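The next block holds one structure in the form of structure tokens; read it before the comments.
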There are 6 protein chains.
Amino acid sequence: MFINIIDKHLSLKPTEVADAEPLFDLVAANRKHLKPWMPWVDATATVADERKFIEMMLTKQAKGEVFIATIVVDGEVAGMIDVHNISDARHNGEIGYWLAQDYVGKGVMTKALERVEEIAFTELDLHKLNLCADVANQRSRAVAERRQYHLDATLPENILINGQYKDEVVYSITVDEWSKRRDD
Amino acid sequence: MFINIIDKHLSLKPTEVADAEPLFDLVAANRKHLKPWMPWVDATATVADERKFIEMMLTKQAKGEVFIATIVVDGEVAGMIDVHNISDARHNGEIGYWLAQDYVGKGVMTKALERVEEIAFTELDLHKLNLCADVANQRSRAVAERRQYHLDATLPENILINGQYKDEVVYSITVDEWSKRRDD
Amino acid sequence: MFINIIDKHLSLKPTEVADAEPLFDLVAANRKHLKPWMPWVDATATVADERKFIEMMLTKQAKGEVFIATIVVDGEVAGMIDVHNISDARHNGEIGYWLAQDYVGKGVMTKALERVEEIAFTELDLHKLNLCADVANQRSRAVAERRQYHLDATLPENILINGQYKDEVVYSITVDEWSKRRDD
Amino acid sequence: MFINIIDKHLSLKPTEVADAEPLFDLVAANRKHLKPWMPWVDATATVADERKFIEMMLTKQAKGEVFIATIVVDGEVAGMIDVHNISDARHNGEIGYWLAQDYVGKGVMTKALERVEEIAFTELDLHKLNLCADVANQRSRAVAERRQYHLDATLPENILINGQYKDEVVYSITVDEWSKRRDD
Amino acid sequence: MFINIIDKHLSLKPTEVADAEPLFDLVAANRKHLKPWMPWVDATATVADERKFIEMMLTKQAKGEVFIATIVVDGEVAGMIDVHNISDARHNGEIGYWLAQDYVGKGVMTKALERVEEIAFTELDLHKLNLCADVANQRSRAVAERRQYHLDATLPENILINGQYKDEVVYSITVDEWSKRRDD
Amino acid sequence: MFINIIDKHLSLKPTEVADAEPLFDLVAANRKHLKPWMPWVDATATVADERKFIEMMLTKQAKGEVFIATIVVDGEVAGMIDVHNISDARHNGEIGYWLAQDYVGKGVMTKALERVEEIAFTELDLHKLNLCADVANQRSRAVAERRQYHLDATLPENILINGQYKDEVVYSITVDEWSKRRDD
């Protein structure tokens with residue numbers, strides 16, 4: 001239906017309720033890969049869970065509280081990317097994403113993030129984007145670093161995943177830093 | 001952000017709350033042109049009214065009850081097109097649209113409608129699209145006829161606009177008719 | 001409690017939650033007779049379903065969105081009649097009804113409809129009543145024709161019932177036509 | 001529309017949103033007469049207040065929480081009568097009513113109450129009806145006494161009206177007492 | 001967390017969702033003792049029921065509609081006490097309480113009630129407190145009498161408990177009576 | 001009503017709707033003192049604003065999403081302290097507080113925070129408390145440091161206050177660190 005073309009393989013599409021099935025299938029096929037970092041994996045037990053989640057996110061998006069998109073690689077649903085906790089008071093938001101195993105290590109997330117920054121800073125009018133991850137989530141950290149986010153903090157024992165309290169790193173980039181980088 | 005490119009001048013984008021301002025400005029500049037056919041023109045008195053309308057439509061869209069898009073010509077917001085009254089029971093929906101005066105008579109609406117049919121029949125899985133208009137709304141009727149919808153009915157005194165009961169024509173096309181036409 | 005007496009056998013009463021049991025028993029005893037034309041028959045599986053439906057309709061009625069009544073023949077609940085899709089914008093509404101098999105062919109529905117027209121045109125201030133039915137639903141069509149509604153349209157494949165797309169006929173009568181007929 | 005005929009002058013009709021205007025006009029013309037006993041008189045400042053009240057009561061009625069009716073004398077709206085605080089747990093409810101000044105002293109309320117008892121005990125399946133009033137409200141007390149309710153209590157300082165704490169009398173009748181009286 | 005100390009054994013604490021477990025355990029261990037007087041005993045089948053009840057009461061308390069506290073004896077949860085049906089119009093409310101069997105006959109409820117009267121009359125600004133009980137609930141009646149409430153009424157067949165209609169006694173005390181008693 | 005006594009001058013009480021007036025008076029008298037650090041000062045224009053805020057917080061508290069208390073010094077309302085953003089997933093929450101000017105510099109906040117830590121770690125079962133502040137808010141920072149929170153981060157341009165993007169410091173303490181400190 002609608003598309004945001006990043007390159008000849010990669011695009012973003014607005015997440016719709018109709019994506020519930022392919023997204024659920026992807027989660028179901030990637031539980032082992034996603035579970036170390038995503039606390040919602042077990043709770044997404046059926047297509048209905050995914051549909052409920054999408055409907056909830058789209059209703060929030062209707063009020064400007066989140067931005068959510070489905071990542072599409074070669075026409076196939078590959079994962080999701082969002083800006084959540086959009087704060088009207090602080091003019092910032094937090095990046096979230098996940099990608100199925102088959103698509104990692106190909107630069108997909110980095111390029112998707114690049115496009116979402118453009119949307120966040122030019123269309124959502126945010127001042128700053130935060131990107132948080134488990135300190136051990138090297139993949140996620142590499143994406144942030146590749147996009148030249150600065151590491152602002154390591155918040156100790158700030159996440160609880162699979163029964164363990166893990167440290168959480170916080171990266172960020174402001175609109176001015178992003179702007180400057182573009183001009184360079 | 002997201003786009004559905006129809007040709008080098010014309011595209012559709014998913015309607016967002018951020019479109020409230022340009023859409024309101026367009027309505028405000030086109031009251032005289034829109035009022036004979038659109039009962040909502042006077043009630044759209046401020047940007048806030050437009051924003052409330054968009055938020056309401058996006059919340060319905062989150063539940064699959066409508067599909068709504070903004071029409072963009074040469075990068076400028078030009079009007080809106082939607083499928084509403086999407087009936088889960090009947091697998092059909094009703095087309096609605098409006099275009100600012102500057103853009104009429106250029107084939108814009110016909111091409112936008114063509115694209116929305118594709119979305120309705122291949123992505124929304126509808127069986128049939130209805131298109132209703134005031135019997136005197138020649139422009140709207142011409143769009144339906146150009147897209148080879150058949151005139152199913154003239155429902156007498158079925159619309160109330162500007163204090164007058166007007167006859168309403170009903171055009172429609174089914175997925176099979178649409179399919180067939182495509183193959184031809 | 002309250003009654004609208006049509007003749008010595010037939011009356012209408014305002015539908016109440018307490019009607020859920022007799023109405024459900026009637027639906028349950030008439031599934032075969034009702035199923036060809038009513039898409040809700042299977043979904044009315046328990047008294048609770050009927051109660052939920054009545055509560056939903058009464059809440060809509062509290063807001064002027066529908067009018068609903070139970071048809072009573074010789075003191076027994078015999079079916080239901082309503083005006084739904086009451087459009088504040090168009091000043092019209094759509095007739096709906098069903099009658100248990102034991103009561104058909106006795107002029108019950110025609111007289112009930114006559115009374116509801118009076119309510120619709122003198123108390124609900126509607127301008128027009130539409131009555132739609134499956135093209136093959138001879139019984140329903142005969143009621144409309146007996147009440148001198150004119151056939152405005154046959155909308156192709158507009159209903160989906162029991163897995164088939166069926167044509168839908170649309171009859172209507174305006175307040176002026178109805179008025180005139182009364183004076184005659 | 002619907003009616004419960006008590007005698008050739010008096011009937012009850014189900015309260016509808018359309019009664020808001022005549023009921024408001026009646027309240028407005030009877031403020032002085034109603035204010036000593038009714039705490040809601042001042043708050044019913046516009047037709048919209050009355051409409052909102054009726055919509056709220058009809059929504060409660062849809063859930064079986066109240067029963068409400070408009071009193072009609074010689075075709076004119078004369079007041080209201082209701083059963084409120086219908087307790088599912090206790091199988092009882094509380095009578096409430098008001099009548100415009102022009103209609104008092106004619107036995108109207110006594111007959112309306114008699115009809116409502118019948119509805120309460122045979123259709124709402126209540127076990128008992130309570131009727132409470134300001135100890136000084138002779139008119140209201142006379143209605144209860146005429147209907148042979150027994151005085152169960154004088155609850156001291158239980159009502160606050162026009163800035164004063166007043167004693168409240170509680171009358172009641174059970175279904176068995178009512179039944180017995182009927183047989184006599 | 002927060003406490004209202006009555007004496008060295010007895011205190012009140014604001015009821016919190018975290019009390020659901022100890023309160024449920026107490027109800028479960030006291031079903032036989034509570035069931036003759038409390039209609040909610042069977043419906044409190046799981047901790048979740050208790051939690052739902054507390055959340056509902058705290059939400060009402062947020063709006064000033066009830067006051068609710070947990071009774072604590074020697075550090076252990078022993079029962080609950082509340083003021084419910086707080087009427088903004090009448091400036092009164094109704095006392096409710098229950099105590100586990102192990103704690104009855106020790107003056108606990110009388111002292112807890114004394115403290116709640118203080119709260120009701122000096123902080124909730126009530127004019128009057130009502131205390132209702134089954135006529136046969138000697139224990140409850142003794143608490144009211146010990147606190148010098150006056151018996152205002154015996155309302156016949158006003159409660160339905162365990163399938164029987166029981167008479168309900170109504171005791172009350174006004175702020176002035178309470179004040180006066182304190183000064184004595 | 002309920003109290004948590006910290007020392008002979010200082011206590012915490014559960015915030016209630018009745019605190020709206022004294023709290024509003026305090027905010028109104030302290031706008032200049034509070035505005036540099038609190039973004040809500042201007043929006044708290046009337047007692048009704050304060051009441052609405054308290055009702056909203058108490059409703060959240062009923063669901064375990066926040067903990068909120070009023071700080072009382074020598075029997076007078078002096079400010080507020082809360083734990084917000086209580087995350088069920090992360091087992092952590094964020095401290096928030098404000099104190100009227102007359103009470104600062106007396107160790108009030110430090111002691112109040114000490115008590116709230118106890119509540120958070122022993123009753124709310126949190127794993128960690130975060131305390132965030134404007135980097136220039138020396139007073140707030142001193143409270144955290146006095147309580148031996150460690151400085152985890154300075155998040156650049158993370159707050160927007162009075163039109164300026166300010167850096168935000170994040171302090172925290174875990175239940176184990178807190179426990180250990182107690183034992184020492």
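Each chain of the structure tokens is named A, B, ... in the order shown, its residues numbered from 1; ligands are numbered from 1 in display order.
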Would you give me, as a ChimeraX atom specification, the residues in chain B that DSSP reads as strand (DSSP E)?
/B:4-5,10-14,67-73,76-87,92-99,128-134,150-161,164-174
Do you know which residues are at most 8 Å from Tyr149 (chain E) counting only C-alpha atoms, after dropping those on the same chain fewer than 5 positions away, and could you put them as a PDB file with N, CA and C atoms, in the first residue's frame?
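Done, and the output landed in part03.pdb:
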ATOM      1  N   ALA E 144     -22.629  -0.976  67.322  1.00  0.00           N
ATOM      2  CA  ALA E 144     -23.331   0.304  67.131  1.00  0.00           C
ATOM      3  C   ALA E 144     -23.842   0.835  68.469  1.00  0.00           C
ATOM      4  N   TYR E 171     -29.031   2.083  62.371  1.00  0.00           N
ATOM      5  CA  TYR E 171     -28.574   2.938  63.463  1.00  0.00           C
ATOM      6  C   TYR E 171     -27.933   4.163  62.842  1.00  0.00           C
ATOM      7  N   SER E 172     -27.864   5.239  63.595  1.00  0.00           N
ATOM      8  CA  SER E 172     -27.115   6.386  63.087  1.00  0.00           C
ATOM      9  C   SER E 172     -26.634   7.286  64.214  1.00  0.00           C
ATOM     10  N   ILE E 173     -25.713   8.159  63.837  1.00  0.00           N
ATOM     11  CA  ILE E 173     -25.231   9.196  64.753  1.00  0.00           C
ATOM     12  C   ILE E 173     -24.881  10.406  63.900  1.00  0.00           C
TER      13      ILE E 173
END
With a distance cut-off of 6 Å and only C-alpha atoms, select the neighbouring residues of Leu160 (chain F), excluding the residue or stretch itself and same-chain residues fewer than 4 positions from it, and output the selection as a PyMOL selection string.
(chain A and resi 90) or (chain F and resi 164-165)
Written file, previous selection with N, CA, C and O atoms, as a PDB file, in the first residue's frame:
ATOM      1  N   ARG A  90       9.265  16.784  26.493  1.00  0.00           N
ATOM      2  CA  ARG A  90      10.707  16.794  26.285  1.00  0.00           C
ATOM      3  C   ARG A  90      11.115  16.835  24.813  1.00  0.00           C
ATOM      4  O   ARG A  90      12.288  17.011  24.495  1.00  0.00           O
TER       5      ARG A  90
ATOM      6  N   GLN F 164      14.146  25.831  27.259  1.00  0.00           N
ATOM      7  CA  GLN F 164      15.541  25.419  27.065  1.00  0.00           C
ATOM      8  C   GLN F 164      15.699  23.906  27.226  1.00  0.00           C
ATOM      9  O   GLN F 164      15.097  23.291  28.129  1.00  0.00           O
ATOM     10  N   TYR F 165      16.560  23.309  26.390  1.00  0.00           N
ATOM     11  CA  TYR F 165      16.882  21.904  26.552  1.00  0.00           C
ATOM     12  C   TYR F 165      18.019  21.822  27.566  1.00  0.00           C
ATOM     13  O   TYR F 165      19.072  22.426  27.371  1.00  0.00           O
TER      14      TYR F 165
END
Within 7 Å of region 49-51 of chain C using only C-alpha atoms, minus same-chain residues under 3 positions, as a VMD selection string
chain C and resid 17 20 24 44 to 46 54 to 55
Write out the residues from the selection above, keeping N, CA and C atoms, as a compact mmCIF listing (two decimals), in the first residue's frame.
# COMPACT_ATOMS: atom_id res chain seq x y z
N VAL C 17 -34.77 -5.71 28.26
CA VAL C 17 -33.84 -6.80 28.56
C VAL C 17 -34.60 -8.06 28.97
N ALA C 20 -35.31 -10.94 26.55
CA ALA C 20 -34.22 -11.76 26.03
C ALA C 20 -34.58 -13.24 25.98
N PHE C 24 -35.05 -15.23 22.60
CA PHE C 24 -34.07 -16.27 22.29
C PHE C 24 -34.76 -17.60 21.98
N THR C 44 -26.46 -16.00 17.53
CA THR C 44 -27.36 -15.93 18.70
C THR C 44 -27.47 -17.34 19.27
N ALA C 45 -26.41 -17.74 19.98
CA ALA C 45 -26.30 -19.12 20.44
C ALA C 45 -26.89 -19.34 21.83
N THR C 46 -26.94 -18.25 22.63
CA THR C 46 -27.47 -18.38 24.00
C THR C 46 -28.33 -17.18 24.35
N ILE C 54 -29.83 -6.90 22.97
CA ILE C 54 -30.88 -5.97 23.41
C ILE C 54 -30.28 -4.80 24.19
N GLU C 55 -29.33 -5.10 25.09
CA GLU C 55 -28.70 -4.02 25.86
C GLU C 55 -27.99 -3.04 24.94
Residues of chain D within 10 Å of chain C, only C-alpha atoms counted, as number ranges by chain:
D: 1-5, 11-18, 51-52, 54-64, 69, 115-116, 118-120, 122-124
Grab the residues selected above and save them as a compact mmCIF listing (two decimals), in the first residue's frame with N, CA, C and O atoms.
# COMPACT_ATOMS: atom_id res chain seq x y z
N MET D 1 -46.23 6.96 21.11
CA MET D 1 -45.63 5.74 20.60
C MET D 1 -46.14 4.53 21.40
O MET D 1 -46.98 3.79 20.96
N PHE D 2 -45.62 4.39 22.63
CA PHE D 2 -46.08 3.30 23.48
C PHE D 2 -46.82 3.90 24.65
O PHE D 2 -46.53 5.01 25.08
N ILE D 3 -47.74 3.16 25.16
CA ILE D 3 -48.55 3.72 26.23
C ILE D 3 -48.97 2.64 27.23
O ILE D 3 -49.05 1.46 26.90
N ASN D 4 -49.16 3.10 28.45
CA ASN D 4 -49.75 2.25 29.47
C ASN D 4 -50.94 3.06 29.97
O ASN D 4 -50.77 4.03 30.71
N ILE D 5 -52.11 2.68 29.54
CA ILE D 5 -53.31 3.46 29.87
C ILE D 5 -53.81 3.09 31.26
O ILE D 5 -54.02 1.91 31.57
N SER D 11 -52.23 8.24 31.64
CA SER D 11 -51.44 7.12 31.16
C SER D 11 -49.97 7.36 31.47
O SER D 11 -49.57 8.45 31.88
N LEU D 12 -49.21 6.31 31.30
CA LEU D 12 -47.76 6.39 31.43
C LEU D 12 -47.19 6.10 30.05
O LEU D 12 -47.75 5.29 29.30
N LYS D 13 -46.08 6.75 29.73
CA LYS D 13 -45.38 6.41 28.50
C LYS D 13 -43.90 6.23 28.85
O LYS D 13 -43.42 6.83 29.81
N PRO D 14 -43.19 5.40 28.08
CA PRO D 14 -41.77 5.25 28.37
C PRO D 14 -41.09 6.59 28.10
O PRO D 14 -41.34 7.22 27.08
N THR D 15 -40.27 7.05 29.04
CA THR D 15 -39.57 8.32 28.84
C THR D 15 -38.60 8.18 27.67
O THR D 15 -37.90 7.17 27.56
N GLU D 16 -38.62 9.16 26.79
CA GLU D 16 -37.68 9.16 25.66
C GLU D 16 -36.96 10.50 25.63
O GLU D 16 -37.44 11.49 26.19
N VAL D 17 -35.85 10.51 24.91
CA VAL D 17 -35.08 11.75 24.77
C VAL D 17 -35.96 12.87 24.22
O VAL D 17 -35.82 14.03 24.60
N ALA D 18 -36.92 12.54 23.37
CA ALA D 18 -37.82 13.55 22.80
C ALA D 18 -38.71 14.21 23.85
O ALA D 18 -39.30 15.26 23.60
N ARG D 51 -32.17 16.67 28.87
CA ARG D 51 -31.83 15.65 27.87
C ARG D 51 -30.73 14.73 28.39
O ARG D 51 -30.81 13.51 28.26
N LYS D 52 -29.74 15.35 29.00
CA LYS D 52 -28.60 14.58 29.53
C LYS D 52 -29.09 13.64 30.63
O LYS D 52 -28.67 12.48 30.71
N ILE D 54 -32.16 12.40 30.96
CA ILE D 54 -32.95 11.32 30.36
C ILE D 54 -32.04 10.28 29.71
O ILE D 54 -32.23 9.07 29.87
N GLU D 55 -31.02 10.75 28.98
CA GLU D 55 -30.11 9.81 28.33
C GLU D 55 -29.40 8.94 29.37
O GLU D 55 -29.24 7.73 29.18
N MET D 56 -29.01 9.56 30.49
CA MET D 56 -28.36 8.82 31.58
C MET D 56 -29.32 7.78 32.17
O MET D 56 -28.94 6.63 32.37
N MET D 57 -30.55 8.15 32.39
CA MET D 57 -31.52 7.21 32.97
C MET D 57 -31.85 6.08 31.99
O MET D 57 -31.98 4.93 32.39
N LEU D 58 -31.98 6.40 30.69
CA LEU D 58 -32.29 5.35 29.72
C LEU D 58 -31.13 4.37 29.58
O LEU D 58 -31.34 3.17 29.34
N THR D 59 -29.90 4.87 29.71
CA THR D 59 -28.74 3.98 29.64
C THR D 59 -28.73 3.06 30.87
O THR D 59 -28.45 1.86 30.76
N LYS D 60 -29.09 3.59 32.04
CA LYS D 60 -29.21 2.75 33.24
C LYS D 60 -30.34 1.74 33.06
O LYS D 60 -30.24 0.58 33.48
N GLN D 61 -31.44 2.21 32.45
CA GLN D 61 -32.59 1.32 32.25
C GLN D 61 -32.22 0.16 31.32
O GLN D 61 -32.70 -0.95 31.50
N ALA D 62 -31.36 0.44 30.33
CA ALA D 62 -30.91 -0.61 29.41
C ALA D 62 -30.20 -1.72 30.21
O ALA D 62 -30.16 -2.86 29.77
N LYS D 63 -29.66 -1.38 31.37
CA LYS D 63 -28.96 -2.38 32.19
C LYS D 63 -29.81 -2.86 33.37
O LYS D 63 -29.32 -3.57 34.23
N GLY D 64 -31.08 -2.45 33.36
CA GLY D 64 -31.96 -2.92 34.43
C GLY D 64 -31.77 -2.21 35.77
O GLY D 64 -32.26 -2.69 36.79
N ALA D 69 -40.65 6.42 33.71
CA ALA D 69 -41.79 6.68 32.84
C ALA D 69 -42.25 8.13 32.98
O ALA D 69 -42.06 8.76 34.02
N ARG D 115 -50.07 1.79 39.27
CA ARG D 115 -49.66 1.11 38.05
C ARG D 115 -48.19 0.70 38.13
O ARG D 115 -47.79 -0.39 37.71
N VAL D 116 -47.34 1.56 38.68
CA VAL D 116 -45.92 1.26 38.76
C VAL D 116 -45.65 0.10 39.72
O VAL D 116 -44.75 -0.71 39.49
N GLU D 118 -47.58 -2.42 40.06
CA GLU D 118 -47.89 -3.61 39.26
C GLU D 118 -46.69 -3.98 38.38
O GLU D 118 -46.29 -5.14 38.29
N ILE D 119 -46.11 -2.97 37.74
CA ILE D 119 -44.95 -3.21 36.89
C ILE D 119 -43.80 -3.74 37.73
O ILE D 119 -43.14 -4.72 37.38
N ALA D 120 -43.55 -3.11 38.88
CA ALA D 120 -42.42 -3.48 39.73
C ALA D 120 -42.54 -4.91 40.23
O ALA D 120 -41.57 -5.67 40.25
N THR D 122 -44.74 -7.42 39.09
CA THR D 122 -45.02 -8.50 38.12
C THR D 122 -44.04 -8.54 36.96
O THR D 122 -43.86 -9.57 36.35
N GLU D 123 -43.42 -7.42 36.65
CA GLU D 123 -42.50 -7.44 35.50
C GLU D 123 -41.04 -7.27 35.93
O GLU D 123 -40.16 -7.89 35.35
N LEU D 124 -40.76 -6.42 36.90
CA LEU D 124 -39.38 -6.22 37.37
C LEU D 124 -39.00 -7.24 38.45
O LEU D 124 -37.87 -7.29 38.89
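Running DSSP on the backbone gives alpha helix (DSSP H) for these residues within region 111-168 of chain A: Lys111, Ala112, Leu113, Glu114, Arg115, Val116, Glu117, Glu118, Ile119, Ala120, Phe121, Thr122, Gln138, Arg139, Ser140, Arg141, Ala142, Val143, Ala144, Glu145 and Arg146 of chain A.
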Keeping N, CA and C atoms, export the residues of the selection given above as a compact mmCIF listing (two decimals), in the first residue's frame.
# COMPACT_ATOMS: atom_id res chain seq x y z
N LYS A 111 20.40 0.97 8.11
CA LYS A 111 19.75 1.79 7.09
C LYS A 111 18.32 2.15 7.49
N ALA A 112 17.62 1.19 8.12
CA ALA A 112 16.26 1.48 8.57
C ALA A 112 16.30 2.58 9.61
N LEU A 113 17.25 2.49 10.52
CA LEU A 113 17.38 3.50 11.57
C LEU A 113 17.68 4.87 10.97
N GLU A 114 18.55 4.89 9.98
CA GLU A 114 18.89 6.14 9.31
C GLU A 114 17.62 6.80 8.76
N ARG A 115 16.78 5.99 8.13
CA ARG A 115 15.55 6.55 7.58
C ARG A 115 14.63 7.04 8.69
N VAL A 116 14.52 6.29 9.78
CA VAL A 116 13.63 6.68 10.88
C VAL A 116 14.12 7.96 11.56
N GLU A 117 15.47 8.15 11.60
CA GLU A 117 15.98 9.42 12.16
C GLU A 117 15.47 10.58 11.33
N GLU A 118 15.54 10.41 10.01
CA GLU A 118 15.06 11.46 9.11
C GLU A 118 13.59 11.77 9.41
N ILE A 119 12.78 10.75 9.56
CA ILE A 119 11.36 10.93 9.88
C ILE A 119 11.22 11.61 11.24
N ALA A 120 11.96 11.14 12.22
CA ALA A 120 11.83 11.67 13.58
C ALA A 120 12.22 13.15 13.64
N PHE A 121 13.30 13.53 12.95
CA PHE A 121 13.80 14.90 13.06
C PHE A 121 13.15 15.88 12.09
N THR A 122 12.65 15.40 10.96
CA THR A 122 12.05 16.33 10.00
C THR A 122 10.52 16.27 9.98
N GLN A 138 25.40 -6.61 21.70
CA GLN A 138 26.41 -6.04 20.81
C GLN A 138 25.83 -5.59 19.48
N ARG A 139 24.93 -6.39 18.96
CA ARG A 139 24.34 -6.09 17.66
C ARG A 139 23.65 -4.73 17.68
N SER A 140 22.78 -4.56 18.67
CA SER A 140 22.03 -3.32 18.82
C SER A 140 22.99 -2.15 19.05
N ARG A 141 23.99 -2.34 19.84
CA ARG A 141 24.95 -1.29 20.15
C ARG A 141 25.72 -0.88 18.89
N ALA A 142 26.04 -1.88 18.09
CA ALA A 142 26.78 -1.61 16.86
C ALA A 142 25.95 -0.74 15.91
N VAL A 143 24.65 -0.97 15.87
CA VAL A 143 23.78 -0.17 15.01
C VAL A 143 23.83 1.29 15.46
N ALA A 144 23.69 1.51 16.77
CA ALA A 144 23.74 2.87 17.31
C ALA A 144 25.08 3.53 17.02
N GLU A 145 26.14 2.76 17.22
CA GLU A 145 27.48 3.33 17.01
C GLU A 145 27.75 3.63 15.54
N ARG A 146 27.24 2.75 14.68
CA ARG A 146 27.40 2.99 13.25
C ARG A 146 26.68 4.29 12.85
9 Å contact set for His33 (chain F), only C-alpha atoms, chain neighbours under 3 positions out, as a count of residues only
6
For Leu99 (chain E), work out the shell of residues within 12 Å, counting only C-alpha atoms and skipping chain neighbours fewer than 4 positions away, then give it as a PyMOL selection string.
chain E and resi 23+26-27+29-31+33-34+37-38+70-73+76-81+103-110+112-113+139-140
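Taking CA of Asp125 (chain E) and CA of Phe53 (chain D) as endpoints, the distance between them is 27.9 Å.
For the set D:Ile161, D:Ala89, D:Leu129, D:Ile6, the residue with the smallest atom-to-atom gap to Glu177 (chain D) is D:Leu129, counting only C-alpha atoms.
Atom to atom, CA of Val41 (chain D) and CA of His91 (chain D) stand 29.5 Å apart.
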Set the distance at 7 Å and use only C-alpha atoms: which residues neighbour region 153-157 of chain B once local chain neighbours fewer than 4 positions away are removed? I'd like the list as a PyMOL selection string.
(chain B and resi 165-170) or (chain C and resi 152-153)
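CA of Asp88 (chain E) to CA of Ile68 (chain E) spans 16.9 Å [interatomic distance, one decimal].
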